[in-house]
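**Student:** To be precise about what I am sending: the file is called structure_34.pdb and holds PDB, C-alpha atoms.
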```pdb
ATOM      1  CA  MET A   1      16.204  52.140  25.937
ATOM      2  CA  SER A   2      19.810  51.745  26.793
ATOM      3  CA  LEU A   3      22.628  50.974  24.397
ATOM      4  CA  ILE A   4      22.852  47.398  25.728
ATOM      5  CA  GLY A   5      19.097  46.959  25.168
ATOM      6  CA  ALA A   6      19.418  48.137  21.582
ATOM      7  CA  LEU A   7      22.326  45.779  20.989
ATOM      8  CA  ASN A   8      20.303  42.887  22.435
ATOM      9  CA  VAL A   9      17.406  43.655  20.076
ATOM     10  CA  GLY A  10      19.823  43.745  17.136
ATOM     11  CA  SER A  11      21.498  40.526  18.283
ATOM     12  CA  SER A  12      18.216  38.611  18.554
ATOM     13  CA  ALA A  13      17.099  39.942  15.166
ATOM     14  CA  LEU A  14      20.361  38.793  13.557
ATOM     15  CA  ALA A  15      20.095  35.342  15.186
ATOM     16  CA  VAL A  16      16.524  34.883  13.929
ATOM     17  CA  SER A  17      17.503  36.104  10.448
ATOM     18  CA  GLN A  18      20.451  33.702  10.401
ATOM     19  CA  ALA A  19      18.150  30.773  11.308
ATOM     20  CA  GLN A  20      15.720  31.796   8.554
ATOM     21  CA  ILE A  21      18.548  32.016   6.004
ATOM     22  CA  GLN A  22      19.856  28.587   7.052
ATOM     23  CA  THR A  23      16.358  27.136   6.699
ATOM     24  CA  THR A  24      16.043  28.661   3.232
ATOM     25  CA  GLY A  25      19.467  27.223   2.365
ATOM     26  CA  ASN A  26      18.300  23.764   3.477
ATOM     27  CA  ASN A  27      15.196  24.110   1.315
ATOM     28  CA  ILE A  28      17.284  25.072  -1.729
ATOM     29  CA  ALA A  29      19.886  22.348  -1.138
ATOM     30  CA  ASN A  30      17.190  19.658  -0.879
ATOM     31  CA  ALA A  31      14.938  20.884  -3.696
ATOM     32  CA  ALA A  32      15.676  17.778  -5.800
ATOM     33  CA  ASN A  33      15.227  15.357  -2.888
ATOM     34  CA  ALA A  34      11.776  13.763  -3.147
ATOM     35  CA  ASP A  35      11.812  12.749   0.537
ATOM     36  CA  TYR A  36      12.507  16.247   1.816
ATOM     37  CA  ASN A  37       9.726  18.463   3.161
ATOM     38  CA  ARG A  38      10.093  22.205   2.835
ATOM     39  CA  GLN A  39      10.672  23.975   6.161
ATOM     40  CA  VAL A  40       9.666  27.405   7.423
ATOM     41  CA  ALA A  41      11.349  29.271  10.282
ATOM     42  CA  ASN A  42       8.695  31.032  12.366
ATOM     43  CA  SER A  43       9.465  34.108  14.407
ATOM     44  CA  VAL A  44       7.435  35.914  17.067
ATOM     45  CA  THR A  45       7.858  39.323  18.588
ATOM     46  CA  THR A  46       8.964  39.407  22.182
ATOM     47  CA  PRO A  47       6.838  41.293  24.715
ATOM     48  CA  ASP A  48       7.260  45.047  24.625
ATOM     49  CA  GLN A  49       8.929  46.842  27.499
ATOM     50  CA  GLN A  50       7.040  49.695  29.159
ATOM     51  CA  LEU A  51       9.201  52.750  29.749
ATOM     52  CA  ARG A  52       6.509  54.811  31.470
ATOM     53  CA  GLN A  53       2.724  55.120  31.419
ATOM     54  CA  GLY A  54       1.606  54.697  27.790
ATOM     55  CA  VAL A  55       5.145  54.440  26.334
ATOM     56  CA  PHE A  56       6.315  51.016  25.155
ATOM     57  CA  ILE A  57       9.420  49.993  23.314
ATOM     58  CA  GLY A  58       9.940  46.818  21.304
ATOM     59  CA  THR A  59      12.398  44.207  22.526
ATOM     60  CA  GLY A  60      13.000  42.272  19.306
ATOM     61  CA  VAL A  61      12.036  38.873  17.937
ATOM     62  CA  ASP A  62      12.577  35.242  18.882
ATOM     63  CA  LEU A  63      12.630  32.111  16.783
ATOM     64  CA  SER A  64       9.484  30.189  17.757
ATOM     65  CA  GLY A  65      10.339  27.084  15.760
ATOM     66  CA  ILE A  66      10.977  25.483  12.412
ATOM     67  CA  GLN A  67       8.024  23.642  10.910
ATOM     68  CA  ARG A  68       7.782  21.167   8.059
ATOM     69  CA  GLN A  69       5.353  22.191   5.337
ATOM     70  CA  ILE A  70       3.416  19.071   4.365
ATOM     71  CA  ASP A  71       0.128  18.447   2.632
ATOM     72  CA  ASP A  72      -1.909  16.395   5.133
ATOM     73  CA  ALA A  73      -4.364  15.202   2.482
ATOM     74  CA  LEU A  74      -1.516  14.031   0.252
ATOM     75  CA  GLU A  75       0.211  12.291   3.178
ATOM     76  CA  SER A  76      -3.068  10.531   4.020
ATOM     77  CA  ARG A  77      -3.473   9.374   0.420
ATOM     78  CA  LEU A  78       0.118   8.134   0.394
ATOM     79  CA  ARG A  79      -0.432   6.086   3.568
ATOM     80  CA  GLY A  80      -3.649   4.681   2.068
ATOM     81  CA  SER A  81      -1.861   3.737  -1.145
ATOM     82  CA  ILE A  82       0.874   1.938   0.768
ATOM     83  CA  SER A  83      -1.792   0.017   2.684
ATOM     84  CA  ASP A  84      -3.644  -0.853  -0.536
ATOM     85  CA  SER A  85      -0.402  -2.047  -2.119
ATOM     86  CA  SER A  86       0.321  -4.291   0.848
ATOM     87  CA  ALA A  87      -3.200  -5.741   0.684
ATOM     88  CA  ALA A  88      -2.828  -6.396  -3.050
ATOM     89  CA  ASP A  89       0.513  -8.138  -2.475
ATOM     90  CA  THR A  90      -1.071 -10.404   0.145
ATOM     91  CA  THR A  91      -4.011 -11.209  -2.145
ATOM     92  CA  GLN A  92      -1.648 -11.969  -5.028
ATOM     93  CA  GLN A  93       0.372 -14.285  -2.803
ATOM     94  CA  TRP A  94      -2.731 -16.264  -1.770
ATOM     95  CA  LEU A  95      -4.099 -16.427  -5.292
ATOM     96  CA  SER A  96      -0.746 -17.724  -6.562
ATOM     97  CA  GLN A  97      -0.885 -20.505  -3.988
ATOM     98  CA  ILE A  98      -4.440 -21.395  -4.989
ATOM     99  CA  GLN A  99      -3.472 -21.319  -8.658
ATOM    100  CA  GLY A 100      -0.625 -23.711  -7.907
ATOM    101  CA  VAL A 101      -2.982 -26.065  -6.073
ATOM    102  CA  PHE A 102      -5.516 -26.169  -8.896
ATOM    103  CA  ASN A 103      -2.863 -26.263 -11.654
ATOM    104  CA  GLU A 104      -4.723 -23.684 -13.757
ATOM    105  CA  LEU A 105      -1.786 -22.986 -16.050
ATOM    106  CA  GLY A 106      -1.093 -26.597 -17.005
ATOM    107  CA  ASP A 107      -2.409 -28.735 -19.851
ATOM    108  CA  GLN A 108      -4.581 -30.768 -17.508
ATOM    109  CA  ASP A 109      -6.094 -27.939 -15.452
ATOM    110  CA  LEU A 110      -9.543 -28.204 -13.889
ATOM    111  CA  SER A 111     -11.280 -25.913 -16.369
ATOM    112  CA  THR A 112     -10.068 -28.087 -19.279
ATOM    113  CA  GLN A 113     -11.233 -31.229 -17.460
ATOM    114  CA  PHE A 114     -14.655 -29.672 -16.776
ATOM    115  CA  SER A 115     -14.984 -28.633 -20.433
ATOM    116  CA  LYS A 116     -14.140 -32.142 -21.650
ATOM    117  CA  PHE A 117     -16.586 -33.681 -19.164
ATOM    118  CA  PHE A 118     -19.526 -31.433 -20.082
ATOM    119  CA  ASN A 119     -18.768 -31.618 -23.802
ATOM    120  CA  SER A 120     -18.890 -35.402 -23.609
ATOM    121  CA  TRP A 121     -22.301 -35.135 -21.900
ATOM    122  CA  SER A 122     -23.470 -32.844 -24.695
ATOM    123  CA  ASP A 123     -22.296 -35.345 -27.304
ATOM    124  CA  LEU A 124     -24.061 -38.148 -25.450
ATOM    125  CA  ALA A 125     -27.278 -36.098 -25.245
ATOM    126  CA  ASN A 126     -27.228 -35.748 -29.058
ATOM    127  CA  ASN A 127     -26.765 -39.521 -29.534
ATOM    128  CA  PRO A 128     -27.908 -41.346 -26.355
ATOM    129  CA  GLN A 129     -27.760 -44.824 -27.913
ATOM    130  CA  ASP A 130     -24.008 -44.715 -28.660
ATOM    131  CA  ALA A 131     -22.196 -46.940 -26.153
ATOM    132  CA  GLY A 132     -18.841 -45.418 -27.113
ATOM    133  CA  LEU A 133     -20.041 -41.950 -26.079
ATOM    134  CA  ARG A 134     -21.206 -43.370 -22.754
ATOM    135  CA  GLN A 135     -17.730 -44.761 -22.203
ATOM    136  CA  VAL A 136     -16.205 -41.346 -23.068
ATOM    137  CA  VAL A 137     -18.462 -39.693 -20.434
ATOM    138  CA  LEU A 138     -17.271 -42.219 -17.846
ATOM    139  CA  GLN A 139     -13.615 -41.730 -18.758
ATOM    140  CA  ASN A 140     -13.918 -37.930 -18.670
ATOM    141  CA  GLY A 141     -15.707 -38.134 -15.308
ATOM    142  CA  ASP A 142     -12.908 -40.323 -13.991
ATOM    143  CA  SER A 143     -10.277 -37.882 -15.318
ATOM    144  CA  LEU A 144     -12.115 -34.979 -13.663
ATOM    145  CA  ALA A 145     -12.223 -36.800 -10.317
ATOM    146  CA  LYS A 146      -8.523 -37.613 -10.597
ATOM    147  CA  ALA A 147      -7.788 -33.950 -11.317
ATOM    148  CA  PHE A 148      -9.394 -33.059  -7.950
ATOM    149  CA  ASN A 149      -7.464 -35.645  -5.933
ATOM    150  CA  PRO A 150      -4.041 -33.937  -5.912
ATOM    151  CA  SER A 151      -5.682 -30.617  -5.091
ATOM    152  CA  ALA A 152      -7.624 -32.116  -2.207
ATOM    153  CA  ALA A 153      -4.504 -33.795  -0.866
ATOM    154  CA  ARG A 154      -2.601 -30.486  -0.748
ATOM    155  CA  TRP A 155      -5.396 -28.310   0.627
ATOM    156  CA  ARG A 156      -7.139 -28.596   3.980
ATOM    157  CA  PRO A 157     -10.569 -26.972   3.573
ATOM    158  CA  SER A 158     -11.168 -26.739   7.330
ATOM    159  CA  ARG A 159      -8.308 -24.260   7.785
ATOM    160  CA  GLY A 160      -7.842 -23.023   4.237
ATOM    161  CA  THR A 161      -4.093 -23.559   4.292
ATOM    162  CA  ARG A 162      -1.769 -25.736   2.302
ATOM    163  CA  THR A 163      -0.220 -28.793   3.834
ATOM    164  CA  SER A 164       3.461 -29.399   3.452
ATOM    165  CA  SER A 165       4.288 -31.665   0.538
TER
END
```
Would you encode the structure as structure tokens?
**Tutor:**
Amino acid sequence: MSLIGALNVGSSALAVSQAQIQTTGNNIANAANADYNRQVANSVTTPDQQLRQGVFIGTGVDLSGIQRQIDDALESRLRGSISDSSAADTTQQWLSQIQGVFNELGDQDLSTQFSKFFNSWSDLANNPQDAGLRQVVLQNGDSLAKAFNPSAARWRPSRGTRTSS
């Protein structure tokens, strides 16, 4: 091997070492950055040079690339979690709209109206001759029907979307 060949081997080795040191420096500088992925500088030996039959001499190393070190399973779980979060946000949005239509957080919500209606039926079943209880059943039935009217006016069942109000 000539002097120039030896200098070329040394030069390529220094260049690869410098790239590896810079990569290590990047890894250290970004150690606290949660979005940073550790990197590794990969090197490969260059093909040997044959001097004569059976005598080979090395020609140095080359930088084959810098690769990110990531956990594929963790990345897959992260993408799945982001998708699940988006689905939950969409579901929450729709359920909030439905809750607004049925006024479930108010004093006159549907569940309260149903309870009053069925309780009045229970009272009437215990005393079927009482005309006042019959009137209460009718009034509670009317109140229940009126509780459905605003909901029906704001909701189109054929498309499942709210109308503008």
**Student:** Excluding Leu124 in chain A and its own-chain neighbours fewer than 3 positions away, which residues fall within 12 Å of it when counting all atoms listed in the file? Please give them as a PyMOL selection string.
**Tutor:** chain A and resi 117-121+127-138
**Student:** Decode the PyMOL selection byres ((chain A and resi 8-17) around 6) for the given file into explicit residues and return them as a list of chain:residue names.
**Tutor:**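 Going through the file, the PyMOL selection byres ((chain A and resi 8-17) around 6) ends up selecting A:Gly5, A:Ala6, A:Leu7, A:Gln18, A:Ala19, A:Gln20, A:Thr59, A:Gly60, A:Val61, A:Leu63.
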**Student:** Distance CA of Ile57 in chain A-CA of Ser2 in chain A, one decimal place?
**Tutor:**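 Straight-line distance from CA of Ile57 in chain A to CA of Ser2 in chain A works out to 11.1 Å.
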**Student:** Can you tell me how far CA of Ala147 in chain A sits from CA of Gln92 in chain A, in Å to one decimal?
**Tutor:**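 Computing the Euclidean distance for CA of Ala147 in chain A and CA of Gln92 in chain A yields 23.7 Å.
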**Student:** One decimal, in Å: what's the spacing between CA of Pro47 in chain A and CA of Thr23 in chain A?
**Tutor:**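 These atoms are spaced 24.8 Å apart.
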**Student:** What does the PyMOL selection byres ((chain A and resi 41) around 7) select in this file, as a list in words?
**Tutor:**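 Evaluating the PyMOL selection byres ((chain A and resi 41) around 7) on these coordinates yields Gln20, Thr23, Gln39, Val40, Asn42, Ser43, Gly65, Ile66 and Gln67 of chain A.
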**Student:** Decode the PyMOL selection byres ((chain A and resi 27) around 9) for the given file into explicit residues and return them as a ChimeraX atom specification.
**Tutor:** /A:22-26,28-31,36-40
**Student:** May I have the residues within 7 Å of Gly58 in chain A as a short mmCIF file (atom, residue, chain, number, x, y, z; two decimals) with C-alpha atoms, in the coordinates of the input, using only C-alpha atoms and disregarding those fewer than 2 positions away in the same chain?
**Tutor:**
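Output contents, as saved in selection.cif:
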```
data_model
loop_
_atom_site.label_atom_id
_atom_site.label_comp_id
_atom_site.auth_asym_id
_atom_site.auth_seq_id
_atom_site.Cartn_x
_atom_site.Cartn_y
_atom_site.Cartn_z
CA ASP A 48 7.26 45.05 24.62
CA GLN A 49 8.93 46.84 27.50
CA PHE A 56 6.32 51.02 25.16
CA GLY A 60 13.00 42.27 19.31
#
```
**Student:** Generate the coordinates of all heavy atoms for range 138-149 of chain A; report them as a short mmCIF file (atom, residue, chain, number, x, y, z; two decimals), in the coordinates of the input.
**Tutor:**
```cif
data_model
loop_
_atom_site.label_atom_id
_atom_site.label_comp_id
_atom_site.auth_asym_id
_atom_site.auth_seq_id
_atom_site.Cartn_x
_atom_site.Cartn_y
_atom_site.Cartn_z
N LEU A 138 -17.84 -41.59 -19.04
CA LEU A 138 -17.27 -42.22 -17.85
C LEU A 138 -15.78 -41.92 -17.71
O LEU A 138 -15.28 -41.62 -16.62
CB LEU A 138 -17.50 -43.73 -17.89
CG LEU A 138 -18.95 -44.19 -17.70
CD1 LEU A 138 -19.06 -45.70 -17.91
CD2 LEU A 138 -19.46 -43.80 -16.33
N GLN A 139 -15.05 -42.02 -18.81
CA GLN A 139 -13.62 -41.73 -18.76
C GLN A 139 -13.34 -40.26 -18.40
O GLN A 139 -12.44 -39.97 -17.61
CB GLN A 139 -12.97 -42.07 -20.10
CG GLN A 139 -12.87 -43.55 -20.37
CD GLN A 139 -12.38 -43.84 -21.78
OE1 GLN A 139 -12.29 -42.95 -22.62
NE2 GLN A 139 -12.08 -45.12 -22.05
N ASN A 140 -14.11 -39.35 -18.99
CA ASN A 140 -13.92 -37.93 -18.67
C ASN A 140 -14.32 -37.62 -17.23
O ASN A 140 -13.69 -36.79 -16.57
CB ASN A 140 -14.71 -37.05 -19.65
CG ASN A 140 -14.08 -36.99 -21.02
OD1 ASN A 140 -12.89 -37.28 -21.17
ND2 ASN A 140 -14.85 -36.65 -22.03
N GLY A 141 -15.33 -38.30 -16.72
CA GLY A 141 -15.71 -38.13 -15.31
C GLY A 141 -14.61 -38.64 -14.39
O GLY A 141 -14.29 -38.02 -13.36
N ASP A 142 -14.01 -39.77 -14.77
CA ASP A 142 -12.91 -40.32 -13.99
C ASP A 142 -11.70 -39.38 -14.03
O ASP A 142 -11.06 -39.14 -13.00
CB ASP A 142 -12.54 -41.70 -14.55
CG ASP A 142 -11.50 -42.40 -13.70
OD1 ASP A 142 -11.70 -42.48 -12.46
OD2 ASP A 142 -10.48 -42.85 -14.27
N SER A 143 -11.40 -38.83 -15.20
CA SER A 143 -10.28 -37.88 -15.32
C SER A 143 -10.52 -36.62 -14.48
O SER A 143 -9.60 -36.09 -13.84
CB SER A 143 -10.06 -37.47 -16.78
OG SER A 143 -9.69 -38.57 -17.55
N LEU A 144 -11.77 -36.15 -14.46
CA LEU A 144 -12.12 -34.98 -13.66
C LEU A 144 -11.94 -35.27 -12.17
O LEU A 144 -11.37 -34.46 -11.44
CB LEU A 144 -13.55 -34.53 -13.96
CG LEU A 144 -14.05 -33.31 -13.20
CD1 LEU A 144 -13.20 -32.08 -13.52
CD2 LEU A 144 -15.51 -33.04 -13.55
N ALA A 145 -12.38 -36.42 -11.73
CA ALA A 145 -12.22 -36.80 -10.32
C ALA A 145 -10.75 -36.91 -9.95
O ALA A 145 -10.33 -36.47 -8.88
CB ALA A 145 -12.95 -38.11 -10.05
N LYS A 146 -9.96 -37.49 -10.86
CA LYS A 146 -8.52 -37.61 -10.60
C LYS A 146 -7.83 -36.25 -10.58
O LYS A 146 -6.83 -36.07 -9.89
CB LYS A 146 -7.88 -38.52 -11.63
CG LYS A 146 -8.23 -39.98 -11.42
CD LYS A 146 -7.59 -40.86 -12.45
CE LYS A 146 -8.00 -42.31 -12.22
NZ LYS A 146 -7.49 -43.18 -13.27
N ALA A 147 -8.36 -35.29 -11.33
CA ALA A 147 -7.79 -33.95 -11.32
C ALA A 147 -8.02 -33.27 -9.97
O ALA A 147 -7.21 -32.44 -9.53
CB ALA A 147 -8.38 -33.10 -12.44
N PHE A 148 -9.12 -33.63 -9.28
CA PHE A 148 -9.39 -33.06 -7.95
C PHE A 148 -8.56 -33.69 -6.86
O PHE A 148 -8.26 -33.05 -5.85
CB PHE A 148 -10.88 -33.24 -7.59
CG PHE A 148 -11.74 -32.11 -8.04
CD1 PHE A 148 -12.59 -32.27 -9.12
CD2 PHE A 148 -11.73 -30.89 -7.38
CE1 PHE A 148 -13.39 -31.23 -9.54
CE2 PHE A 148 -12.53 -29.84 -7.79
CZ PHE A 148 -13.37 -30.02 -8.88
N ASN A 149 -8.16 -34.93 -7.01
CA ASN A 149 -7.46 -35.65 -5.93
C ASN A 149 -6.17 -34.97 -5.49
O ASN A 149 -5.96 -34.79 -4.30
CB ASN A 149 -7.22 -37.10 -6.32
CG ASN A 149 -8.50 -37.92 -6.27
OD1 ASN A 149 -9.44 -37.55 -5.58
ND2 ASN A 149 -8.53 -39.01 -7.00
#
```
